[in-house]
file protein.txt (compact mmCIF, C-alpha atoms)
# COMPACT_ATOMS: atom_id res chain seq x y z
CA MET A 1 -2.41 14.31 0.91
CA TRP A 2 -2.70 10.54 1.11
CA ALA A 3 -3.53 10.63 4.81
CA VAL A 4 -5.97 13.55 4.58
CA GLY A 5 -7.63 12.01 1.54
CA THR A 6 -8.14 8.68 3.30
CA ASN A 7 -10.45 10.15 5.95
CA HIS A 8 -10.89 13.89 6.52
CA LEU A 9 -13.28 13.71 9.48
CA PRO A 10 -12.11 15.33 12.77
CA PRO A 11 -12.36 12.17 14.97
CA PHE A 12 -9.85 10.44 12.71
CA SER A 13 -6.95 12.80 13.34
CA PRO A 14 -4.86 10.00 14.99
CA LEU A 15 -5.46 7.85 11.92
CA ARG A 16 -4.12 10.59 9.64
CA ARG A 17 -1.01 11.13 11.75
CA ILE A 18 -0.20 7.44 11.77
CA LEU A 19 -0.90 7.00 8.05
CA ALA A 20 1.37 9.94 7.22
CA GLN A 21 4.23 8.28 9.11
CA TYR A 22 3.56 4.89 7.60
CA ILE A 23 3.32 6.19 4.03
CA ALA A 24 6.70 7.92 4.43
CA MET A 25 8.18 4.62 5.66
CA ILE A 26 6.52 2.68 2.83
CA THR A 27 8.08 5.02 0.26
CA THR A 28 11.52 4.40 1.79
CA ILE A 29 11.19 0.62 1.96
CA ASP A 30 9.78 0.53 -1.58
CA ASP A 31 12.91 2.32 -2.85
CA VAL A 32 15.11 -0.18 -1.03
CA TYR A 33 13.49 -3.02 -2.98
CA ASP A 34 13.16 -1.17 -6.31
CA VAL A 35 16.40 0.77 -6.48
CA TYR A 36 19.09 0.07 -3.89
CA GLY A 37 19.11 -3.56 -2.78
CA THR A 38 20.73 -6.53 -4.47
CA LEU A 39 18.61 -9.67 -4.54
CA ASP A 40 20.68 -11.29 -1.76
CA GLU A 41 20.33 -8.17 0.40
CA LEU A 42 16.59 -8.03 -0.19
CA GLU A 43 16.19 -11.65 0.82
CA GLN A 44 18.13 -10.88 4.03
CA PHE A 45 15.95 -7.85 4.74
CA THR A 46 12.73 -9.80 4.13
CA LYS A 47 13.86 -12.52 6.55
CA ALA A 48 14.74 -9.86 9.14
CA VAL A 49 11.23 -8.37 8.91
CA ALA A 50 9.70 -11.85 9.29
CA ARG A 51 11.80 -12.55 12.40
CA TRP A 52 11.18 -9.07 13.88
CA ASP A 53 14.31 -9.33 16.02
CA ILE A 54 16.39 -6.18 16.44
CA ASN A 55 19.53 -8.35 16.73
CA THR A 56 19.14 -9.39 13.09
CA ILE A 57 20.40 -5.97 11.96
CA GLU A 58 23.95 -7.25 12.40
CA GLU A 59 23.35 -9.43 9.35
CA LEU A 60 22.22 -6.49 7.18
CA PRO A 61 24.22 -3.99 5.09
CA GLU A 62 24.75 -0.62 6.76
CA TYR A 63 22.07 1.25 4.80
CA MET A 64 19.52 -1.48 5.51
CA LYS A 65 20.22 -1.31 9.24
CA ILE A 66 18.88 2.24 9.27
CA CYS A 67 15.77 1.20 7.34
CA PHE A 68 15.07 -1.80 9.56
CA ILE A 69 15.52 0.14 12.80
CA GLY A 70 13.26 2.88 11.45
CA LEU A 71 10.58 0.36 10.50
CA TYR A 72 10.96 -1.57 13.76
CA ASN A 73 10.75 1.53 15.96
CA LEU A 74 7.87 3.13 14.05
CA THR A 75 5.75 -0.01 14.12
CA ASN A 76 6.38 -0.59 17.81
CA GLU A 77 5.56 3.07 18.53
CA ILE A 78 2.28 2.79 16.63
CA ALA A 79 1.43 -0.43 18.47
CA TYR A 80 2.16 1.34 21.78
CA TYR A 81 0.01 4.33 20.79
CA THR A 82 -2.85 2.06 19.75
CA LEU A 83 -2.64 0.08 22.99
CA THR A 84 -2.57 3.13 25.27
CA ASN A 85 -5.30 5.00 23.41
CA THR A 86 -7.68 2.26 22.32
CA GLY A 87 -6.79 -0.75 24.49
CA PHE A 88 -6.01 -2.91 21.45
CA PHE A 89 -2.57 -4.53 21.14
CA ASN A 90 -2.11 -4.84 17.39
CA LEU A 91 1.65 -5.45 17.05
CA SER A 92 1.30 -9.02 15.78
CA TYR A 93 -1.11 -7.87 13.05
CA LEU A 94 1.15 -5.00 12.00
CA LYS A 95 4.19 -7.29 11.90
CA LYS A 96 2.35 -9.81 9.73
CA ALA A 97 1.13 -7.07 7.36
CA TRP A 98 4.71 -5.80 6.94
CA GLU A 99 5.96 -9.34 6.37
CA ASN A 100 3.36 -9.85 3.63
CA LEU A 101 4.26 -6.54 2.02
CA CYS A 102 8.00 -7.29 2.01
CA ASN A 103 7.34 -10.73 0.54
CA ALA A 104 5.35 -9.07 -2.26
CA TYR A 105 8.20 -6.59 -2.86
CA LEU A 106 10.67 -9.49 -2.89
CA LYS A 107 8.63 -11.41 -5.44
CA GLU A 108 8.74 -8.41 -7.79
CA ALA A 109 12.50 -8.18 -7.30
CA GLN A 110 12.86 -11.89 -8.07
CA TRP A 111 10.80 -11.46 -11.23
CA TYR A 112 13.08 -8.64 -12.33
CA HIS A 113 16.37 -10.44 -11.61
CA SER A 114 15.21 -13.67 -13.26
CA GLY A 115 13.71 -11.91 -16.29
CA HIS A 116 10.30 -13.42 -15.54
CA LYS A 117 7.38 -11.74 -17.28
CA PRO A 118 4.24 -12.34 -15.20
CA THR A 119 0.82 -12.60 -16.74
CA LEU A 120 -1.55 -9.78 -15.87
CA GLU A 121 -3.45 -12.11 -13.54
CA GLU A 122 -0.25 -13.20 -11.80
CA TYR A 123 0.92 -9.61 -11.56
CA LEU A 124 -2.30 -8.31 -9.99
CA GLU A 125 -2.42 -11.18 -7.47
CA ASN A 126 0.83 -9.86 -6.04
CA ALA A 127 0.34 -6.18 -6.87
CA TYR A 128 -2.73 -5.55 -4.71
CA VAL A 129 -0.48 -6.42 -1.75
CA SER A 130 2.61 -4.54 -2.96
CA ILE A 131 0.56 -1.37 -3.39
CA THR A 132 0.22 -1.60 0.45
CA MET A 133 -3.58 -1.66 0.66
CA PRO A 134 -3.71 -4.63 3.11
CA LEU A 135 -1.05 -2.99 5.31
CA LEU A 136 -2.84 0.36 5.39
CA LEU A 137 -6.27 -1.11 6.08
CA THR A 138 -4.82 -3.27 8.87
CA ASN A 139 -3.55 -0.10 10.55
CA ILE A 140 -6.78 1.75 9.90
CA SER A 141 -8.92 -1.06 11.35
CA PHE A 142 -7.65 -0.44 14.88
CA LEU A 143 -8.36 3.31 14.66
CA THR A 144 -12.00 3.17 13.61
CA SER A 145 -15.23 3.10 15.66
CA VAL A 146 -14.37 -0.32 16.97
CA THR A 147 -15.33 -1.95 20.27
CA SER A 148 -13.40 -5.25 20.31
CA THR A 149 -10.57 -7.14 18.61
CA GLU A 150 -13.10 -9.78 17.58
CA GLU A 151 -15.11 -7.12 15.78
CA ILE A 152 -11.99 -5.98 13.93
CA LEU A 153 -11.08 -9.50 12.84
CA HIS A 154 -14.64 -10.21 11.75
CA SER A 155 -14.76 -6.97 9.75
CA MET A 156 -11.38 -7.65 8.10
CA GLU A 157 -12.75 -11.02 6.96
CA ARG A 158 -15.90 -9.37 5.64
CA ILE A 159 -13.97 -6.86 3.59
CA GLU A 160 -11.42 -9.22 2.02
CA ASN A 161 -12.85 -8.48 -1.44
CA VAL A 162 -12.92 -4.76 -0.64
CA THR A 163 -9.23 -4.92 0.26
CA ARG A 164 -8.47 -6.79 -2.94
CA TYR A 165 -10.47 -4.52 -5.26
CA SER A 166 -9.19 -1.37 -3.55
CA GLY A 167 -5.64 -2.62 -3.93
CA ILE A 168 -6.09 -3.57 -7.58
CA GLY A 169 -7.74 -0.23 -8.35
CA LEU A 170 -4.97 1.76 -6.70
CA ARG A 171 -2.27 -0.36 -8.36
CA LEU A 172 -3.74 0.15 -11.84
CA VAL A 173 -4.10 3.90 -11.33
CA ASP A 174 -0.53 4.02 -9.98
CA ASP A 175 0.79 2.04 -12.97
CA LEU A 176 -0.69 4.48 -15.46
CA GLY A 177 1.08 7.35 -13.69
CA THR A 178 4.42 5.79 -12.77
CA GLY A 179 4.88 2.84 -15.12
CA THR A 180 6.85 4.63 -17.83
CA ASP A 181 9.42 6.10 -15.42
CA GLU A 182 9.75 2.87 -13.44
CA MET A 183 10.27 0.77 -16.57
CA ALA A 184 12.90 3.25 -17.78
CA ARG A 185 14.95 2.72 -14.63
CA GLY A 186 14.68 -1.06 -14.95
CA ASP A 187 11.65 -2.16 -12.95
CA THR A 188 9.40 -5.20 -13.39
CA PRO A 189 6.66 -5.07 -16.06
CA LYS A 190 3.56 -3.17 -14.97
CA ALA A 191 -0.07 -3.82 -15.84
CA VAL A 192 0.24 -2.26 -19.28
CA GLN A 193 3.31 -4.31 -20.19
CA CYS A 194 1.79 -7.50 -18.75
CA TYR A 195 -1.30 -7.09 -20.94
CA MET A 196 0.89 -6.39 -23.97
CA ASN A 197 2.89 -9.57 -23.28
CA ASP A 198 -0.28 -11.61 -22.73
CA THR A 199 -2.13 -10.50 -25.86
CA GLY A 200 0.31 -8.84 -28.26
CA ALA A 201 -1.64 -5.57 -27.94
CA THR A 202 -0.05 -2.22 -28.70
CA GLU A 203 0.78 0.12 -25.83
CA ASP A 204 -2.20 2.36 -26.63
CA GLU A 205 -4.53 -0.64 -26.69
CA ALA A 206 -3.11 -1.88 -23.38
CA ILE A 207 -3.58 1.53 -21.75
CA MET A 208 -7.21 1.59 -22.86
CA TYR A 209 -7.70 -1.91 -21.48
CA VAL A 210 -6.22 -0.91 -18.11
CA LYS A 211 -8.52 2.11 -17.98
CA THR A 212 -11.48 -0.19 -18.63
CA LEU A 213 -10.19 -2.55 -15.94
CA ILE A 214 -10.07 0.35 -13.47
CA LEU A 215 -13.71 1.19 -14.25
CA ASN A 216 -14.78 -2.44 -13.82
CA THR A 217 -12.82 -2.71 -10.56
CA TRP A 218 -14.68 0.35 -9.25
CA LYS A 219 -17.99 -1.35 -10.10
CA LYS A 220 -16.97 -4.49 -8.18
CA LEU A 221 -15.76 -2.40 -5.24
CA ASN A 222 -18.96 -0.38 -5.06
CA LYS A 223 -21.03 -3.57 -5.10
CA GLU A 224 -18.98 -4.91 -2.17
CA ARG A 225 -19.37 -1.61 -0.31
CA LEU A 226 -23.15 -1.90 -0.48
CA GLY A 227 -22.92 -5.26 1.26
CA VAL A 228 -21.26 -3.91 4.42
CA MET A 229 -23.42 -0.85 5.06
CA ASN A 230 -24.92 -2.50 8.16
CA SER A 231 -21.53 -2.54 9.95
CA GLN A 232 -20.03 0.78 11.06
CA ILE A 233 -16.43 -0.42 11.19
CA ALA A 234 -16.67 -2.29 7.87
CA LYS A 235 -18.21 0.81 6.27
CA GLU A 236 -15.40 3.00 7.62
CA LEU A 237 -12.78 0.59 6.31
CA THR A 238 -14.35 0.31 2.87
CA ASP A 239 -14.70 4.09 2.65
CA CYS A 240 -10.99 4.46 3.45
CA GLY A 241 -10.07 1.89 0.81
CA ALA A 242 -12.16 3.68 -1.81
CA ASN A 243 -10.76 7.06 -0.76
CA LEU A 244 -7.20 5.80 -1.24
CA ILE A 245 -8.04 5.01 -4.87
CA ARG A 246 -9.55 8.49 -5.23
CA VAL A 247 -6.31 10.06 -3.98
CA GLY A 248 -4.50 7.84 -6.47
CA HIS A 249 -6.65 9.21 -9.30
CA PHE A 250 -5.64 12.70 -8.20
CA MET A 251 -1.93 11.94 -7.76
CA TYR A 252 -1.54 10.05 -11.03
CA ARG A 253 -4.05 11.80 -13.26
CA GLU A 254 -3.29 12.08 -16.97
CA GLY A 255 -0.32 9.73 -16.67
CA VAL A 256 1.69 12.01 -14.38
CA ASP A 257 3.39 10.88 -11.15
CA GLY A 258 2.33 13.51 -8.64
CA HIS A 259 3.70 11.47 -5.74
CA GLY A 260 7.24 10.97 -7.02
CA THR A 261 8.67 12.65 -10.11
CA CYS A 262 6.21 15.57 -10.41
CA PRO A 263 5.34 16.71 -6.86
CA GLU A 264 4.32 20.13 -8.18
CA VAL A 265 1.10 18.45 -9.36
CA ALA A 266 -0.02 18.19 -5.74
CA GLU A 267 1.85 21.15 -4.23
CA SER A 268 -0.73 23.85 -4.96
CA HIS A 269 -3.53 21.67 -3.60
CA ILE A 270 -1.55 20.89 -0.43
CA LEU A 271 -0.88 24.60 0.14
CA SER A 272 -4.53 25.46 -0.47
CA LEU A 273 -5.82 22.69 1.77
CA LEU A 274 -3.37 22.79 4.69
CA VAL A 275 -1.31 26.00 4.65
CA ASN A 276 -2.95 29.03 3.07
CA PRO A 277 -5.80 30.62 5.07
CA ILE A 278 -9.29 30.48 3.59
call {"tool": "encode", "arguments": {"input": "protein.txt", "output": "structure tokens"}}
result
Amino acid sequence: MWAVGTNHLPPFSPLRRILAQYIAMITTIDDVYDVYGTLDELEQFTKAVARWDINTIEELPEYMKICFIGLYNLTNEIAYYTLTNTGFFNLSYLKKAWENLCNAYLKEAQWYHSGHKPTLEEYLENAYVSITMPLLLTNISFLTSVTSTEEILHSMERIENVTRYSGIGLRLVDDLGTGTDEMARGDTPKAVQCYMNDTGATEDEAIMYVKTLILNTWKKLNKERLGVMNSQIAKELTDCGANLIRVGHFMYREGVDGHGTCPEVAESHILSLLVNPI
């Protein structure tokens, strides 16, 4: 659903296949940081991703070796596919995007283990990365109507605010759907809890504030989208970022986690869209 919702148009079939693989990997790595890893293990894993050397797996716990090899192989395969089908060699950009994501995951783990309660501003500065928006848009950028690496890099610079607002929007929508369950299992404070800690607001007041923040983030995002309409690749990237938030609204509507704990929320739509004949 995430991949199809990002861009449904026929020419973007390769993009959907790659996003589906990456989103499955993201879910796995996210669980490593949130559920399974000790802080020392997570620091080791983050360093291994930064080094991007297959020999570093000898330093990792057994379960992390599987995750790292899976991530390493998948990213190299995607870089190979992109090179052979588009002529762009994007491995260094993919590696850097994964390094940034793992650093964001690690920061959240450090907050949890130290008992640090981030402000809402501090939380969102990290959260728009940990929600994976920069990683996903980096992948998407090499699978759009692009003609040169320079055009990609220029467009990524132009849409920095789009990436930020898309990430913040998706994170806030995600928090409203998953925050309660994640806090129950011992996760870091989410947007609602950060606002409560900042202001002393009740949970209901904080939820209303986050909903208002989502609306205001959409307004900022739409304003940024209007500013890139003269560039085809930038428009395609911004549309994908906005569409990812829209899928988030669907997956996490009414405070339910349709991606994780309540997959039946999305099941009927998936069957209707992809399986059952019209």
call {"tool": "closest_residue", "arguments": {"input": "protein.txt", "among": "A:Trp218, A:Tyr33, A:Tyr93, A:Tyr195", "to": "Ser130 of chain A", "atoms": "all atoms listed in the file"}}
result
A:Tyr33
call {"tool": "residues_around", "arguments": {"input": "protein.txt", "residues": "segment 233-247 of chain A", "least_positions_apart": "4", "cutoff": "7 Å", "atoms": "all atoms listed in the file", "output": "tab-separated table (two decimals) with C-alpha atoms, in the frame of the given file"}}
result
chain	number	residue	atom	x	y	z
A	2	TRP	CA	-2.70	10.54	1.11
A	5	GLY	CA	-7.63	12.01	1.54
A	6	THR	CA	-8.14	8.68	3.30
A	7	ASN	CA	-10.45	10.15	5.95
A	137	LEU	CA	-6.27	-1.11	6.08
A	141	SER	CA	-8.92	-1.06	11.35
A	144	THR	CA	-12.00	3.17	13.61
A	145	SER	CA	-15.23	3.10	15.66
A	146	VAL	CA	-14.37	-0.32	16.97
A	155	SER	CA	-14.76	-6.97	9.75
A	159	ILE	CA	-13.97	-6.86	3.59
A	162	VAL	CA	-12.92	-4.76	-0.64
A	163	THR	CA	-9.23	-4.92	0.26
A	166	SER	CA	-9.19	-1.37	-3.55
A	169	GLY	CA	-7.74	-0.23	-8.35
A	170	LEU	CA	-4.97	1.76	-6.70
A	225	ARG	CA	-19.37	-1.61	-0.31
A	228	VAL	CA	-21.26	-3.91	4.42
A	229	MET	CA	-23.42	-0.85	5.06
A	251	MET	CA	-1.93	11.94	-7.76
call {"tool": "residues_around", "arguments": {"input": "protein.txt", "residues": "Ile214 of chain A", "least_positions_apart": "5", "cutoff": "12 Å", "atoms": "all atoms listed in the file", "output": "MDAnalysis selection string"}}
result
chainID A and resid 165:176 191 207:209 219:221 245:246 248:249
call {"tool": "write_last_selection", "arguments": {"input": "protein.txt", "atoms": "C-alpha atoms", "output": "PDB file, in the coordinates of the input"}}
result
ATOM      1  CA  TYR A 165     -10.470  -4.520  -5.260  1.00  0.00           C
ATOM      2  CA  SER A 166      -9.190  -1.370  -3.550  1.00  0.00           C
ATOM      3  CA  GLY A 167      -5.640  -2.620  -3.930  1.00  0.00           C
ATOM      4  CA  ILE A 168      -6.090  -3.570  -7.580  1.00  0.00           C
ATOM      5  CA  GLY A 169      -7.740  -0.230  -8.350  1.00  0.00           C
ATOM      6  CA  LEU A 170      -4.970   1.760  -6.700  1.00  0.00           C
ATOM      7  CA  ARG A 171      -2.270  -0.360  -8.360  1.00  0.00           C
ATOM      8  CA  LEU A 172      -3.740   0.150 -11.840  1.00  0.00           C
ATOM      9  CA  VAL A 173      -4.100   3.900 -11.330  1.00  0.00           C
ATOM     10  CA  ASP A 174      -0.530   4.020  -9.980  1.00  0.00           C
ATOM     11  CA  ASP A 175       0.790   2.040 -12.970  1.00  0.00           C
ATOM     12  CA  LEU A 176      -0.690   4.480 -15.460  1.00  0.00           C
ATOM     13  CA  ALA A 191      -0.070  -3.820 -15.840  1.00  0.00           C
ATOM     14  CA  ILE A 207      -3.580   1.530 -21.750  1.00  0.00           C
ATOM     15  CA  MET A 208      -7.210   1.590 -22.860  1.00  0.00           C
ATOM     16  CA  TYR A 209      -7.700  -1.910 -21.480  1.00  0.00           C
ATOM     17  CA  LYS A 219     -17.990  -1.350 -10.100  1.00  0.00           C
ATOM     18  CA  LYS A 220     -16.970  -4.490  -8.180  1.00  0.00           C
ATOM     19  CA  LEU A 221     -15.760  -2.400  -5.240  1.00  0.00           C
ATOM     20  CA  ILE A 245      -8.040   5.010  -4.870  1.00  0.00           C
ATOM     21  CA  ARG A 246      -9.550   8.490  -5.230  1.00  0.00           C
ATOM     22  CA  GLY A 248      -4.500   7.840  -6.470  1.00  0.00           C
ATOM     23  CA  HIS A 249      -6.650   9.210  -9.300  1.00  0.00           C
TER      24      HIS A 249
END
call {"tool": "atom_distance", "arguments": {"input": "protein.txt", "atom1": "atom CA of Thr202 of chain A", "atom2": "atom CA of Thr188 of chain A"}}
result
18.2 Å
call {"tool": "closest_residue", "arguments": {"input": "protein.txt", "among": "A:Pro118, A:Ala3, A:Asn222, A:Phe88", "to": "Ile152 of chain A", "atoms": "all atoms listed in the file"}}
result
A:Phe88
call {"tool": "atom_distance", "arguments": {"input": "protein.txt", "atom1": "atom CA of Glu41 of chain A", "atom2": "atom CA of Asn103 of chain A"}}
result
13.2 Å
call {"tool": "closest_residue", "arguments": {"input": "protein.txt", "among": "A:Thr27, A:Ile57, A:Tyr252, A:Lys96", "to": "Thr75 of chain A", "atoms": "only C-alpha atoms"}}
result
A:Lys96
call {"tool": "closest_residue", "arguments": {"input": "protein.txt", "among": "A:Phe45, A:Tyr105, A:Tyr81, A:Phe250", "to": "Asn139 of chain A", "atoms": "all atoms listed in the file"}}
result
A:Tyr81
call {"tool": "atom_distance", "arguments": {"input": "protein.txt", "atom1": "atom CA of Gly115 of chain A", "atom2": "atom CA of Leu101 of chain A"}}
result
21.3 Å
call {"tool": "closest_residue", "arguments": {"input": "protein.txt", "among": "A:Cys194, A:Leu74, A:Cys102, A:Leu94", "to": "Tyr123 of chain A", "atoms": "only C-alpha atoms"}}
result
A:Cys194
call {"tool": "residues_around", "arguments": {"input": "protein.txt", "residues": "Glu59 of chain A", "least_positions_apart": "4", "cutoff": "12 Å", "atoms": "all atoms listed in the file", "output": "count of residues only"}}
result
16
